[in-house]
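The structure appears below as structure tokens.
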Amino acid sequence: MGETVGKTDPMVKKKSNDMKQSKNIFVKAGRAIASFFKWIGNDIKEIGVTFKEGDWKTRISFLIMGFGSVMRGAVLKGIALFILEAAFIAYMVLFGVGYLKKLPTLGTVETHFNDLGVRVYGDNSFLILLYGLLTIIFIIIFIFSWRVNVRVNRNEEIILKNGKKLPSNAKTFKSLFDENFDKTLLALPVLGVSLFTMLPIIFMICVAFTNYDYTHQSPTKLFTWVGFDNFVNMFSTATDGYGSTFMGVLGWTLIWAFFATFLNYFLGMAVALLINKKGVKFKKLWRTILVLTIAIPQFVSLLYVSKMFAVDGIINKFLLAHGWIDKAIPFWTNGTYARILIIIINLWIGIPYLMLIATGLLMNIPEDLYESARIDGANKFQMFMKITLPYMLFVTGPYLLTQFTGNLNNFNVIYLLTGGGPTSTTLTGGAGKTDLLVTWLYKMTVDKTDYKTAAVIGIMVFLVTAIISLVVYNIIPSVKDEEGFQ
């Protein structure tokens with residue numbers, strides 16, 4: 001009893017540290033939210049001060065962007081702001097307001113035939129949603145530009161009040177390619193990301209709250225908002241719900257990602273250790289043979305392998321010819337066989353990548369560590385568990401995380417081998433026994449034309465991936481202990 005006084009159980013200490021870490025995450029999140037609202041408050045206050053203390057040029061600039069800059073001689077800057085405002089107003093008058101007004105209903109006039117039998121197109125729900133969201137993005141960009149306009153006026157007034165001169169137009173233009181080159185360089189990429197990345201994501205999220213499917217196809221049919229009905233249906237266990245199918249596909253997705261990541265990781269490491277072992281000859285030859293599986297396109301190799309294991313494929317014919325089996329093995333028509341075979345075939349694809357990565361990392365482990373361990377009497381297994389594996393996990397922790405999240409969305413292997421099959425009466429929505437969430441989403445989009453359900457699945461894929469990534473990222477050694485191997 002006396003020996004345990006003053007000592008702490010490691011498990012209790014670890015649990016306490018984990019609780020503290022979880023608490024710190026919530027504390028940081030709370031502080032970030034508080035800082036955001038504080039920043040908003042300070043920004044609004046600065047706008048009020050600018051209007052109150054500013055001259056008539058600044059106050060007019062609140063309505064006509066760039067007016068103050070032009071009047072003070074900063075013509076180039078002022079014209080740029082004015083053109084931006086004029087372009088925004090023109091867009092809103094010609095297109096934006098119309099789409100924005102129809103956004104709450106996604107259209108009310110259906111396509112129909114008139115008395116002469118001519119088709120008259122009505123509202124297009126797809127375009128209303130797309131351009132409505134685009135208009136909202138443009139409004140946000142304009143608000144940001146307007147805020148820049150206000151700040152520019154305040155800075156110009158301060159410069160003039162201090163008895164200094166404003167930069168000339170030529171100097172302002174040259175600054176776009178000198179000290180402000182970062183802003184010039186990032187302007188188009190930021191606009192591109194907003195239009196071609198953010199807009200499709202927001203559009204997909206919005207589709208999940210509509211009834212957009214094959215019976216509501218634009219422009220002939222309208223679709224409208226349905227709230228959370230699609231999410232309720234996704235988790236419903238009723239006859240027409242996807243609850244059991246979603247849980248089944250999600251479960252297999254997680255199982256697949258786990259084995260596809262960690263089996264490849266440890267077996268790839270084992271192959272690297274075997275090839276790098278002293279006394280092994282023709283090391284370059286073995287590495288070259290393994291790398292050949294990477295060089296061959298997956299589209300070719302996986303389709304070929306899928307044919308090999310078909311009922312009438314070369315594998316079954318070989319086994320039948322030698323009398324090892326009485327009837328063909330249903331590799332792809334039996335769900336359990338198909339899942340096991342997919343994991344095994346993925347080893348053939350994934351091990352060479354890990355072998356190459358592990359080879360480079362193993363060469364960087366100091367030999368002194370192994371020498372010290374041998375002197376202390378450690379065997380090879382102990383050296384692997386205490387030196388090799390911790391080092392590998394520390395260095396490759398972020399890589400493991402990206403591999404796991406990548407395998408959650410590994411479309412190629414599943415679709416090229418089985419197409420998500422075999423089908424099952426217990427699964428609905430066209431899902432098969434080997435379907436991942438991402439391949440099921442593809443089927444919902446292409447085969448079923450059920451965009452609303454596909455959008456819900458897409459959101460679920462994002463949530464699963466994000467939650468796993470955030471949790472794992474905060475527990476991997478390279479993040480928790482950055483100084484551990486320095």
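So you can find residues: chains in the structure tokens are A, B, ... in the order shown, residues in each start at 1, and ligands are numbered from 1 in order.
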Within 12 Å of range 353-365 of chain A: each range 380-401 of chain A residue with its shortest pair, only C-alpha atoms, as a tab-separated table:
```
residue	atom	partner	partner_atom	distance
A:Met383	CA	A:Ile365	CA	11.8
A:Phe384	CA	A:Leu362	CA	11.1
A:Ile387	CA	A:Ile365	CA	8.5
A:Thr388	CA	A:Leu362	CA	7.6
A:Leu389	CA	A:Leu362	CA	9.9
A:Pro390	CA	A:Ile365	CA	10.9
A:Tyr391	CA	A:Ile365	CA	7.7
A:Met392	CA	A:Leu361	CA	7.2
A:Leu393	CA	A:Ala358	CA	10.6
A:Phe394	CA	A:Leu361	CA	10.9
A:Val395	CA	A:Leu361	CA	8.2
A:Thr396	CA	A:Ile357	CA	9.0
A:Tyr399	CA	A:Ile357	CA	10.1
A:Leu400	CA	A:Leu354	CA	10.3
```
Contacts of range 75-95 of chain A with range 150-157 of chain A up to 12 Å, shortest pair per row, only C-alpha atoms, as CSV:
```
residue,atom,partner,partner_atom,distance
A:Lys77,CA,A:Val152,CA,9.2
A:Gly78,CA,A:Val152,CA,9.5
A:Leu81,CA,A:Val152,CA,10.2
```
Generate a file of the selected residues that holds C-alpha atoms, formatted as a CSV table (one decimal), in the first residue's frame.
```csv
chain,number,residue,atom,x,y,z
A,77,LYS,CA,-8.7,53.3,-57.0
A,78,GLY,CA,-12.0,55.2,-57.1
A,81,LEU,CA,-14.6,50.7,-56.9
```
Subject >> DSSP helix (DSSP H, G or I) residues within range 21-188 of chain A, listed as an MDAnalysis selection string >> reply: chainID A and resid 21:53 56:61 67:71 75:102 125:161 169:175 181:188
Subject >> Contacts of range 41-50 of chain A within 12 Å, only C-alpha atoms, excl. fewer than 3 positions in-chain, as a list in words >> reply: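 Returned residues: Ala34, Ser35, Phe36, Phe37, Lys38, Glu53, Gly54, Asp55, Trp56, Lys57, Thr58, Arg59, Ile60, Ser61, Phe62, Phe144, Trp146, Arg147, Val148, Asn149, Val150, Arg151, Val152, Asn153, Arg154, Asn155, Glu156, Glu157 and Ile158 of chain A.
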Subject >> Exercise: Met234 in chain A partners within 8 Å, only C-alpha atoms, chain neighbours under 2 positions left out, as a ChimeraX atom specification >> reply: /A:230-232,236,241-243,246,453,456
I need the chosen residues saved as a short mmCIF file (atom, residue, chain, number, x, y, z; two decimals), in the first residue's frame, with N, CA, C and O atoms.
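After the write, result04.cif holds the following:
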```
data_model
loop_
_atom_site.label_atom_id
_atom_site.label_comp_id
_atom_site.auth_asym_id
_atom_site.auth_seq_id
_atom_site.Cartn_x
_atom_site.Cartn_y
_atom_site.Cartn_z
N ASN A 230 -36.05 14.68 -46.48
CA ASN A 230 -35.09 13.75 -47.07
C ASN A 230 -34.17 13.15 -46.00
O ASN A 230 -33.81 11.97 -46.08
N PHE A 231 -33.81 13.94 -45.01
CA PHE A 231 -32.97 13.44 -43.92
C PHE A 231 -33.75 12.46 -43.05
O PHE A 231 -33.20 11.44 -42.62
N VAL A 232 -35.01 12.78 -42.80
CA VAL A 232 -35.86 11.87 -42.03
C VAL A 232 -36.00 10.55 -42.77
O VAL A 232 -35.90 9.46 -42.17
N SER A 236 -35.01 6.71 -41.70
CA SER A 236 -36.25 6.02 -41.36
C SER A 236 -36.12 4.52 -41.63
O SER A 236 -35.52 4.09 -42.62
N GLY A 241 -38.20 3.87 -46.40
CA GLY A 241 -37.06 4.60 -45.85
C GLY A 241 -35.74 3.90 -46.16
O GLY A 241 -35.71 2.73 -46.56
N TYR A 242 -34.66 4.62 -45.95
CA TYR A 242 -33.32 4.08 -46.24
C TYR A 242 -32.52 3.80 -44.98
O TYR A 242 -31.31 3.61 -45.06
N GLY A 243 -33.17 3.78 -43.82
CA GLY A 243 -32.45 3.66 -42.56
C GLY A 243 -31.55 2.43 -42.47
O GLY A 243 -30.35 2.54 -42.21
N PHE A 246 -28.78 2.55 -45.18
CA PHE A 246 -27.73 3.52 -44.87
C PHE A 246 -26.78 2.98 -43.80
O PHE A 246 -25.55 3.09 -43.93
N THR A 453 -31.76 12.52 -52.64
CA THR A 453 -31.19 11.51 -51.76
C THR A 453 -29.68 11.45 -51.91
O THR A 453 -28.95 11.27 -50.93
N VAL A 456 -28.18 14.12 -49.84
CA VAL A 456 -28.16 13.76 -48.41
C VAL A 456 -27.00 12.81 -48.13
O VAL A 456 -26.28 12.97 -47.13
#
```
Find the spatial neighbours of range 180-193 of chain A, counting only C-alpha atoms, within a cut-off of 12 Å - ignore same-chain residues fewer than 6 positions away - and output them as a compact mmCIF listing (two decimals) with N, CA, C and O atoms, in the first residue's frame.
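In the end it all went to selection_14.txt:
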```
# COMPACT_ATOMS: atom_id res chain seq x y z
N LEU A 134 -25.84 32.00 -56.57
CA LEU A 134 -24.78 32.83 -57.14
C LEU A 134 -25.00 34.30 -56.79
O LEU A 134 -24.04 35.02 -56.47
N ILE A 137 -23.89 34.90 -53.27
CA ILE A 137 -22.42 35.00 -53.20
C ILE A 137 -21.96 36.37 -53.69
O ILE A 137 -21.08 37.00 -53.08
N PHE A 138 -22.57 36.87 -54.78
CA PHE A 138 -22.21 38.19 -55.28
C PHE A 138 -22.55 39.28 -54.27
O PHE A 138 -21.81 40.27 -54.14
N ILE A 141 -19.82 39.24 -51.70
CA ILE A 141 -18.62 39.86 -52.26
C ILE A 141 -18.77 41.37 -52.33
O ILE A 141 -17.83 42.13 -52.03
N LYS A 171 1.79 55.11 -58.84
CA LYS A 171 2.34 54.31 -57.74
C LYS A 171 1.33 53.26 -57.27
O LYS A 171 1.70 52.14 -56.93
N THR A 172 0.04 53.64 -57.25
CA THR A 172 -1.00 52.69 -56.87
C THR A 172 -1.04 51.52 -57.84
O THR A 172 -1.18 50.35 -57.44
N PHE A 173 -0.92 51.82 -59.15
CA PHE A 173 -0.94 50.76 -60.16
C PHE A 173 0.27 49.85 -60.02
O PHE A 173 0.16 48.63 -60.10
N LYS A 174 1.45 50.47 -59.80
CA LYS A 174 2.67 49.67 -59.66
C LYS A 174 2.62 48.79 -58.40
O LYS A 174 3.19 47.70 -58.37
N LEU A 199 -19.70 27.23 -54.60
CA LEU A 199 -21.05 27.24 -55.15
C LEU A 199 -21.59 25.82 -55.37
O LEU A 199 -22.73 25.53 -54.97
N PRO A 200 -20.83 24.88 -55.99
CA PRO A 200 -21.35 23.52 -56.13
C PRO A 200 -21.63 22.83 -54.81
O PRO A 200 -22.61 22.08 -54.69
N ILE A 201 -20.77 23.09 -53.80
CA ILE A 201 -20.99 22.47 -52.49
C ILE A 201 -22.28 23.00 -51.86
O ILE A 201 -23.11 22.23 -51.35
```
Subject >> Shortest interatomic distance to Ile345 in chain A - which of A:Thr423, A:Val413, A:Val27, A:Val464, counting only C-alpha atoms >> reply: A:Val413
